[in-house]
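J.: Sending over model.tsv (TSV, C-alpha atoms).
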chain	number	residue	atom	x	y	z
A	238	MET	CA	-51.10	-58.69	-70.51
A	239	ASN	CA	-52.04	-55.29	-71.87
A	240	ARG	CA	-53.37	-54.32	-68.45
A	241	ARG	CA	-50.00	-55.10	-66.85
A	242	ARG	CA	-48.18	-52.96	-69.40
A	243	ILE	CA	-50.60	-50.11	-68.87
A	244	LEU	CA	-50.20	-50.34	-65.06
A	245	ALA	CA	-46.40	-50.39	-65.32
A	246	ALA	CA	-46.48	-47.36	-67.60
A	247	VAL	CA	-48.70	-45.48	-65.17
A	248	ILE	CA	-46.34	-46.25	-62.26
A	249	SER	CA	-43.31	-45.15	-64.25
A	250	VAL	CA	-44.93	-41.84	-65.21
A	251	THR	CA	-45.94	-41.27	-61.58
A	252	VAL	CA	-42.38	-41.88	-60.37
A	253	LEU	CA	-41.00	-39.44	-62.95
A	254	ILE	CA	-43.47	-36.74	-61.92
A	255	LEU	CA	-42.66	-37.15	-58.21
A	256	GLY	CA	-38.95	-37.08	-58.93
A	257	ALA	CA	-39.29	-33.82	-60.81
A	258	LEU	CA	-41.11	-32.30	-57.88
A	259	PHE	CA	-38.78	-33.40	-55.03
A	260	LEU	CA	-35.29	-33.57	-56.48
A	261	PRO	CA	-34.74	-29.75	-56.48
A	262	SER	CA	-35.52	-29.54	-52.76
A	263	LEU	CA	-32.87	-32.15	-52.04
A	264	HIS	CA	-30.14	-29.78	-53.34
A	265	LYS	CA	-31.23	-26.79	-51.31
A	266	THR	CA	-29.00	-25.81	-48.36
A	267	SER	CA	-30.86	-25.45	-45.10
A	268	PRO	CA	-30.50	-21.94	-43.64
A	269	PRO	CA	-28.38	-21.68	-40.46
A	270	PRO	CA	-30.35	-21.71	-37.24
A	271	ALA	CA	-31.01	-18.27	-35.82
A	272	ILE	CA	-28.90	-17.39	-32.73
A	273	ALA	CA	-31.03	-16.00	-29.97
A	274	PRO	CA	-29.63	-12.78	-28.44
A	275	LEU	CA	-28.04	-13.06	-24.99
A	276	PRO	CA	-30.34	-12.06	-22.15
A	277	GLY	CA	-27.93	-9.35	-20.96
A	278	PRO	CA	-24.28	-8.28	-20.67
A	279	VAL	CA	-21.88	-11.02	-19.58
A	280	PRO	CA	-20.36	-9.93	-16.28
A	281	ILE	CA	-16.59	-9.91	-15.83
A	282	THR	CA	-15.96	-12.22	-12.91
A	283	ALA	CA	-12.60	-10.73	-11.97
A	284	VAL	CA	-10.46	-7.76	-12.86
A	285	PRO	CA	-6.85	-8.67	-13.69
A	286	THR	CA	-4.56	-7.47	-10.94
A	287	ALA	CA	-2.30	-5.66	-13.36
A	288	LEU	CA	-5.24	-3.62	-14.66
A	289	ALA	CA	-6.88	-2.90	-11.33
A	290	THR	CA	-6.61	0.70	-10.15
A	291	THR	CA	-6.03	1.69	-6.55
A	292	GLU	CA	-8.73	3.91	-5.15
A	293	PRO	CA	-7.81	6.45	-2.51
A	294	PRO	CA	-8.72	5.23	0.98
A	295	ALA	CA	-12.06	6.57	2.11
A	296	LEU	CA	-12.79	7.28	5.72
A	297	PRO	CA	-14.16	4.11	7.29
A	298	SER	CA	-17.84	4.32	8.10
A	299	ALA	CA	-17.39	2.16	11.20
A	300	PRO	CA	-14.64	2.14	13.84
A	301	LEU	CA	-11.70	-0.15	13.15
A	302	ALA	CA	-10.56	-2.79	15.58
A	303	THR	CA	-7.61	-0.64	16.58
A	304	GLU	CA	-9.62	2.55	16.93
A	305	ALA	CA	-9.14	4.59	20.05
A	306	ALA	CA	-12.18	5.41	22.13
A	307	PRO	CA	-13.75	8.81	21.36
A	308	LEU	CA	-12.34	11.49	23.61
A	309	SER	CA	-14.64	12.83	26.28
A	310	THR	CA	-12.95	16.24	26.33
A	311	PRO	CA	-11.32	18.18	23.51
A	312	GLN	CA	-7.64	17.24	23.20
A	313	THR	CA	-5.05	17.25	20.47
A	314	ALA	CA	-4.40	13.96	18.74
A	315	ALA	CA	-0.83	13.93	20.08
A	316	ALA	CA	-2.05	14.17	23.68
A	317	THR	CA	-3.31	10.57	23.59
A	318	LEU	CA	-0.03	9.04	22.36
A	319	GLN	CA	2.64	7.56	24.57
A	320	ASP	CA	6.39	6.98	24.23
A	321	VAL	CA	6.87	9.68	21.61
A	322	ASP	CA	10.54	10.45	21.13
A	323	PRO	CA	10.61	14.22	20.50
A	324	HIS	CA	13.84	13.77	18.55
A	325	LYS	CA	12.00	11.61	15.98
A	326	ALA	CA	8.79	13.62	15.79
A	327	PHE	CA	8.22	16.52	13.40
A	328	GLY	CA	5.73	19.38	13.31
A	329	SER	CA	3.36	20.77	15.89
A	330	LYS	CA	1.93	18.68	18.73
A	331	ASN	CA	-1.24	20.74	18.33
A	332	ALA	CA	-1.81	19.47	14.79
A	333	SER	CA	-5.24	18.06	14.00
A	334	VAL	CA	-3.75	14.91	12.50
A	335	VAL	CA	-1.00	12.72	13.91
A	336	MET	CA	0.77	10.23	11.67
A	337	GLU	CA	2.88	7.38	13.02
A	338	GLU	CA	5.06	5.79	10.34
A	339	PHE	CA	6.36	2.33	11.17
A	340	SER	CA	9.44	1.97	9.05
A	341	ASP	CA	12.50	-0.21	8.41
A	342	TYR	CA	15.64	1.52	7.06
A	343	GLN	CA	16.52	-1.57	5.00
A	344	CYS	CA	13.04	-1.85	3.45
A	345	PRO	CA	12.90	-0.77	-0.24
A	346	ALA	CA	9.24	0.26	0.08
A	347	CYS	CA	10.10	2.46	3.06
A	348	LYS	CA	12.78	4.10	0.95
A	349	THR	CA	10.19	4.84	-1.74
A	350	LEU	CA	7.81	6.38	0.79
A	351	TYR	CA	10.59	8.50	2.29
A	352	THR	CA	12.09	9.77	-0.96
A	353	THR	CA	8.79	10.58	-2.68
A	354	THR	CA	5.72	11.06	-0.50
A	355	ASN	CA	7.34	12.23	2.73
A	356	ARG	CA	9.20	15.15	1.21
A	357	LEU	CA	6.00	16.75	-0.03
A	358	LEU	CA	4.21	15.76	3.18
A	359	MET	CA	6.83	17.63	5.23
A	360	ASP	CA	6.60	20.73	3.06
A	361	ASN	CA	2.81	20.97	2.76
A	362	TYR	CA	1.39	19.47	5.96
A	363	VAL	CA	4.04	19.02	8.66
A	364	SER	CA	5.80	22.38	8.39
A	365	THR	CA	2.43	24.16	8.13
A	366	GLY	CA	1.21	22.73	11.44
A	367	LYS	CA	-1.49	20.46	10.00
A	368	VAL	CA	0.22	17.12	10.69
A	369	TYR	CA	2.43	15.86	13.51
A	370	LEU	CA	4.67	13.15	12.03
A	371	ILE	CA	6.28	10.50	14.24
A	372	HIS	CA	8.84	8.00	12.98
A	373	ARG	CA	8.49	4.58	14.58
A	374	ASP	CA	11.20	1.94	14.28
A	375	PHE	CA	9.94	-1.43	13.10
A	376	PRO	CA	13.05	-3.40	12.04
A	377	LEU	CA	12.08	-6.65	10.37
A	378	THR	CA	14.05	-9.78	11.24
A	379	MET	CA	14.36	-10.62	7.54
A	380	HIS	CA	16.69	-7.61	7.15
A	381	ALA	CA	20.12	-8.31	8.61
A	382	TYR	CA	21.15	-4.70	9.27
A	383	SER	CA	17.86	-2.90	9.86
A	384	ARG	CA	18.18	-2.89	13.67
A	385	ILE	CA	21.75	-1.62	13.45
A	386	ALA	CA	20.55	1.18	11.18
A	387	ALA	CA	17.77	1.97	13.63
A	388	ARG	CA	20.33	2.29	16.43
A	389	TYR	CA	22.43	4.74	14.45
A	390	ALA	CA	19.36	6.77	13.49
A	391	ARG	CA	18.24	6.88	17.12
A	392	ALA	CA	21.68	8.00	18.20
A	393	ALA	CA	21.74	10.67	15.50
A	394	ALA	CA	18.32	11.86	16.67
A	395	GLU	CA	19.68	12.28	20.20
A	396	ILE	CA	22.26	14.78	18.94
A	397	GLY	CA	19.84	16.56	16.60
A	398	LYS	CA	21.06	15.00	13.35
A	399	ILE	CA	18.22	12.68	12.43
A	400	GLU	CA	17.37	14.31	9.10
A	401	PRO	CA	20.76	13.93	7.34
A	402	VAL	CA	21.21	10.43	8.76
A	403	GLU	CA	17.78	9.21	7.67
A	404	GLN	CA	18.40	10.68	4.25
A	405	THR	CA	21.73	8.92	3.80
A	406	LEU	CA	20.44	5.61	5.15
A	407	PHE	CA	17.57	5.55	2.67
A	408	GLN	CA	19.41	7.01	-0.31
A	409	ASN	CA	22.39	4.66	0.10
A	410	GLN	CA	20.34	1.66	1.17
A	411	GLU	CA	21.53	-0.66	-1.61
A	412	LYS	CA	25.16	0.03	-0.72
A	413	TRP	CA	25.21	-0.53	3.02
A	414	GLU	CA	22.81	-3.46	2.95
A	415	GLN	CA	25.37	-5.30	0.78
A	416	THR	CA	28.36	-4.54	3.01
A	417	GLY	CA	26.71	-4.06	6.40
A	418	ASP	CA	28.72	-0.84	6.82
A	419	VAL	CA	26.04	1.29	8.44
A	420	ASP	CA	28.71	3.12	10.41
A	421	GLY	CA	30.44	4.22	7.21
A	422	ALA	CA	27.21	5.44	5.64
A	423	VAL	CA	26.41	7.59	8.67
A	424	ALA	CA	29.98	8.85	9.06
A	425	ALA	CA	29.81	10.26	5.53
A	426	VAL	CA	27.29	12.93	6.60
A	427	LEU	CA	28.43	13.74	10.14
A	428	SER	CA	31.49	15.49	11.49
A	429	ALA	CA	34.12	13.53	13.41
A	430	SER	CA	32.92	14.89	16.76
A	431	GLU	CA	29.29	14.12	15.93
A	432	MET	CA	30.21	10.63	14.86
A	433	ASN	CA	32.03	10.00	18.14
A	434	LYS	CA	28.85	10.91	20.04
A	435	VAL	CA	26.75	8.65	17.83
A	436	ARG	CA	29.09	5.70	18.27
A	437	ALA	CA	29.13	6.19	22.03
A	438	LEU	CA	25.33	6.11	22.13
A	439	VAL	CA	25.18	3.02	19.91
A	440	LYS	CA	27.67	1.18	22.11
A	441	GLY	CA	25.92	2.34	25.27
A	442	GLY	CA	23.17	-0.24	24.81
A	443	THR	CA	20.28	2.05	25.77
A	444	LEU	CA	18.76	2.44	22.31
A	445	ASP	CA	17.39	-1.07	21.87
A	446	SER	CA	14.76	-0.54	24.56
A	447	LEU	CA	13.44	2.50	22.64
A	448	ILE	CA	13.34	0.52	19.41
A	449	ASP	CA	11.55	-2.33	21.18
A	450	LYS	CA	8.88	0.06	22.48
A	451	ASP	CA	8.13	1.17	18.93
A	452	PHE	CA	8.05	-2.42	17.75
A	453	ALA	CA	5.66	-3.43	20.54
A	454	LEU	CA	3.38	-0.52	19.67
A	455	GLY	CA	3.37	-1.66	16.06
A	456	GLN	CA	2.32	-5.13	17.13
A	457	MET	CA	-0.56	-3.57	19.07
A	458	TYR	CA	-1.64	-1.89	15.85
A	459	ARG	CA	-1.24	-5.27	14.10
A	460	VAL	CA	1.51	-4.00	11.84
A	461	ASN	CA	2.73	-6.88	9.68
A	462	GLN	CA	4.61	-5.04	6.95
A	463	THR	CA	6.60	-1.89	6.39
A	464	PRO	CA	5.85	0.83	5.81
A	465	THR	CA	2.61	1.07	7.74
A	466	THR	CA	1.17	4.48	8.52
A	467	VAL	CA	-1.29	4.99	11.36
A	468	PHE	CA	-3.39	8.16	11.16
A	469	HIS	CA	-4.99	9.67	14.26
A	470	CYS	CA	-7.67	12.32	14.07
A	471	LYS	CA	-10.46	13.35	16.45
A	472	GLY	CA	-10.07	10.30	18.66
A	473	GLN	CA	-10.06	7.76	15.85
A	474	THR	CA	-7.28	5.68	14.34
A	475	TYR	CA	-6.85	4.62	10.71
A	476	PRO	CA	-4.00	2.26	9.80
A	477	TYR	CA	-2.78	2.01	6.20
A	478	ALA	CA	-0.25	-0.64	5.11
A	479	GLY	CA	2.02	-0.08	2.13
A	480	VAL	CA	3.39	2.84	0.13
A	481	MET	CA	0.88	5.66	-0.24
A	482	THR	CA	1.50	8.09	-3.07
A	483	TYR	CA	1.48	11.75	-2.18
A	484	GLU	CA	-1.72	12.41	-4.16
A	485	THR	CA	-3.52	9.61	-2.33
A	486	MET	CA	-2.21	10.77	1.02
A	487	LYS	CA	-3.21	14.34	0.25
A	488	GLN	CA	-6.79	13.28	-0.53
A	489	PHE	CA	-6.98	11.26	2.67
A	490	LEU	CA	-5.54	14.03	4.82
A	491	GLU	CA	-7.96	16.54	3.38
A	492	GLN	CA	-10.83	14.19	4.28
A	493	LEU	CA	-9.53	13.98	7.84
A	494	LEU	CA	-8.95	17.70	8.16
A	495	SER	CA	-12.43	18.52	6.83
A	496	GLN	CA	-14.20	16.42	9.49
A	497	LYS	CA	-16.32	18.41	11.88
Starting from the coordinates I provided, produce the structure as structure tokens.
T.:
Amino acid sequence: MNRRRILAAVISVTVLILGALFLPSLHKTSPPPAIAPLPGPVPITAVPTALATTEPPALPSAPLATEAAPLSTPQTAAATLQDVDPHKAFGSKNASVVMEEFSDYQCPACKTLYTTTNRLLMDNYVSTGKVYLIHRDFPLTMHAYSRIAARYARAAAEIGKIEPVEQTLFQNQEKWEQTGDVDGAVAAVLSASEMNKVRALVKGGTLDSLIDKDFALGQMYRVNQTPTTVFHCKGQTYPYAGVMTYETMKQFLEQLLSQK
């Protein structure tokens, strides 16, 4: 009997001692696991369109699909072009760079190009003999009055009044595209006698074939939007679709002009 009591007492003491040793550890909070550092920077998979910046176009390192064959003998860029209406071409035919602008008078983007970039282009490159600028008609079927506007501009070009007519068509675009009154927009900047000549040419029915030639040429260049500018220099062709700011165009032209 005494042995049992002694054994029970020994067990009790042992349990108390073990409890004193282990109970404190049960209240300790385990430290958080260490986070291993990432192996390297996480790449950004895509740049949001709104934040993306437009780089100036660099000269292509390889010929484009629409590139003209290198010339075997020295010629001006204008010498290789066909169906150039001298009434809708500006600058010197001997210029090192030729620019063909495929445009639609009812196109808002074409208006932006005309009212911003082209004014400085005319002053700094066309009038100085560095660039020969050719306007090409490319009326889109989605614009109800663009072909009519192209007819009036062609007629105005025939009588030497393309500049004021182009200016009024672009500057008053929102007005005449609502009413369809292209005739009224043009009449506002021409004299009565000039307007009679323009109307006679428009009614004569000979202008559509000229417009169609420009449109067919644009299709050859694979133009699918307006404005599209096609640059020619040293036997090579570089198309650019969309509105090009003057600073971007200036950088590109300087690259072309600096080629040996």
J.: Give one line per residue of region 380-424 of chain A that approaches region 331-341 of chain A to at most 9 Å, naming the two atoms of the closest pair and their distance in Å to one decimal, counting only C-alpha atoms; sort by chain then ascending residue number and deliver it as a tab-separated table.
T.:
residue	atom	partner	partner_atom	distance
A:His380	CA	A:Asp341	CA	8.6
A:Ser383	CA	A:Asp341	CA	6.2
A:Arg384	CA	A:Asp341	CA	8.2
A:Ala386	CA	A:Asp341	CA	8.6
A:Ala387	CA	A:Asp341	CA	7.7
J.: Would you compute the distance between CA of Phe489 (chain A) and CA of Ser364 (chain A)? Give it in Å to one decimal.
T.: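 According to the coordinates, CA of Phe489 (chain A) and CA of Ser364 (chain A) are separated by 17.9 Å.
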J.: Rounded to one decimal, what separation in Å do you get between CA of Thr474 (chain A) and CA of Val460 (chain A)?
T.: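 Going from CA of Thr474 (chain A) over to CA of Val460 (chain A) covers 13.3 Å.
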J.: Counting only C-alpha atoms, figure out which residue out of A:Gly442, A:Asn461, A:Glu491, A:Leu447 gets nearest to Gly479 (chain A).
T.: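 Ranking A:Gly442, A:Asn461, A:Glu491, A:Leu447 by distance to Gly479 (chain A), first place goes to A:Asn461.
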J.: Provide the CA of Pro476 (chain A) to CA of Leu350 (chain A) distance in Å, to one decimal place.
T.: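 Straight-line distance from CA of Pro476 (chain A) to CA of Leu350 (chain A) works out to 15.4 Å.
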J.: Give me, as a tab-separated table, the closest atom pair and its distance (Å, one decimal) for every residue of region 320-382 of chain A within a cut-off of 10 Å of region 404-415 of chain A, counting only C-alpha atoms, rows sorted by chain and rising number.
T.:
residue	atom	partner	partner_atom	distance
A:Asp341	CA	A:Phe407	CA	9.6
A:Tyr342	CA	A:Phe407	CA	6.3
A:Gln343	CA	A:Gln410	CA	6.3
A:Cys344	CA	A:Gln410	CA	8.4
A:Pro345	CA	A:Gln410	CA	8.0
A:Cys347	CA	A:Phe407	CA	8.1
A:Lys348	CA	A:Phe407	CA	5.3
A:Thr349	CA	A:Phe407	CA	8.6
A:Leu350	CA	A:Phe407	CA	10.0
A:Tyr351	CA	A:Phe407	CA	7.6
A:Thr352	CA	A:Phe407	CA	7.8
A:His380	CA	A:Glu414	CA	8.5
A:Ala381	CA	A:Glu414	CA	7.9
A:Tyr382	CA	A:Glu414	CA	6.7
J.: Can you pull out every residue within 10 Å of Lys398 (chain A), counting all atoms listed in the file, but drop anything in the same chain fewer than 4 positions away, and send it as a list in words?
T.: His324, Ala390, Arg391, Ala392, Ala393, Ala394, Val402, Glu403, Val426, Leu427, Glu431 and Val435 of chain A
J.: For those residues, write C-alpha atoms to a file as a short mmCIF file (atom, residue, chain, number, x, y, z; two decimals), in the frame of the given file.
T.:
data_model
loop_
_atom_site.label_atom_id
_atom_site.label_comp_id
_atom_site.auth_asym_id
_atom_site.auth_seq_id
_atom_site.Cartn_x
_atom_site.Cartn_y
_atom_site.Cartn_z
CA HIS A 324 13.84 13.77 18.55
CA ALA A 390 19.36 6.77 13.49
CA ARG A 391 18.24 6.88 17.12
CA ALA A 392 21.68 8.00 18.20
CA ALA A 393 21.74 10.67 15.50
CA ALA A 394 18.32 11.86 16.67
CA VAL A 402 21.21 10.43 8.76
CA GLU A 403 17.78 9.21 7.67
CA VAL A 426 27.29 12.93 6.60
CA LEU A 427 28.43 13.74 10.14
CA GLU A 431 29.29 14.12 15.93
CA VAL A 435 26.75 8.65 17.83
#
J.: Could you check which of A:Tyr458, A:Phe327, A:Phe375, A:Phe452 is closest to Tyr362 (chain A), using only C-alpha atoms?
T.: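 Closest to Tyr362 (chain A), using only C-alpha atoms: A:Phe327.
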J.: Find, counting only C-alpha atoms, the residue in A:Lys330, A:Lys440, A:Arg459, A:Lys471 that gets nearest to Lys367 (chain A).
T.: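 Closest to Lys367 (chain A), using only C-alpha atoms: A:Lys330.
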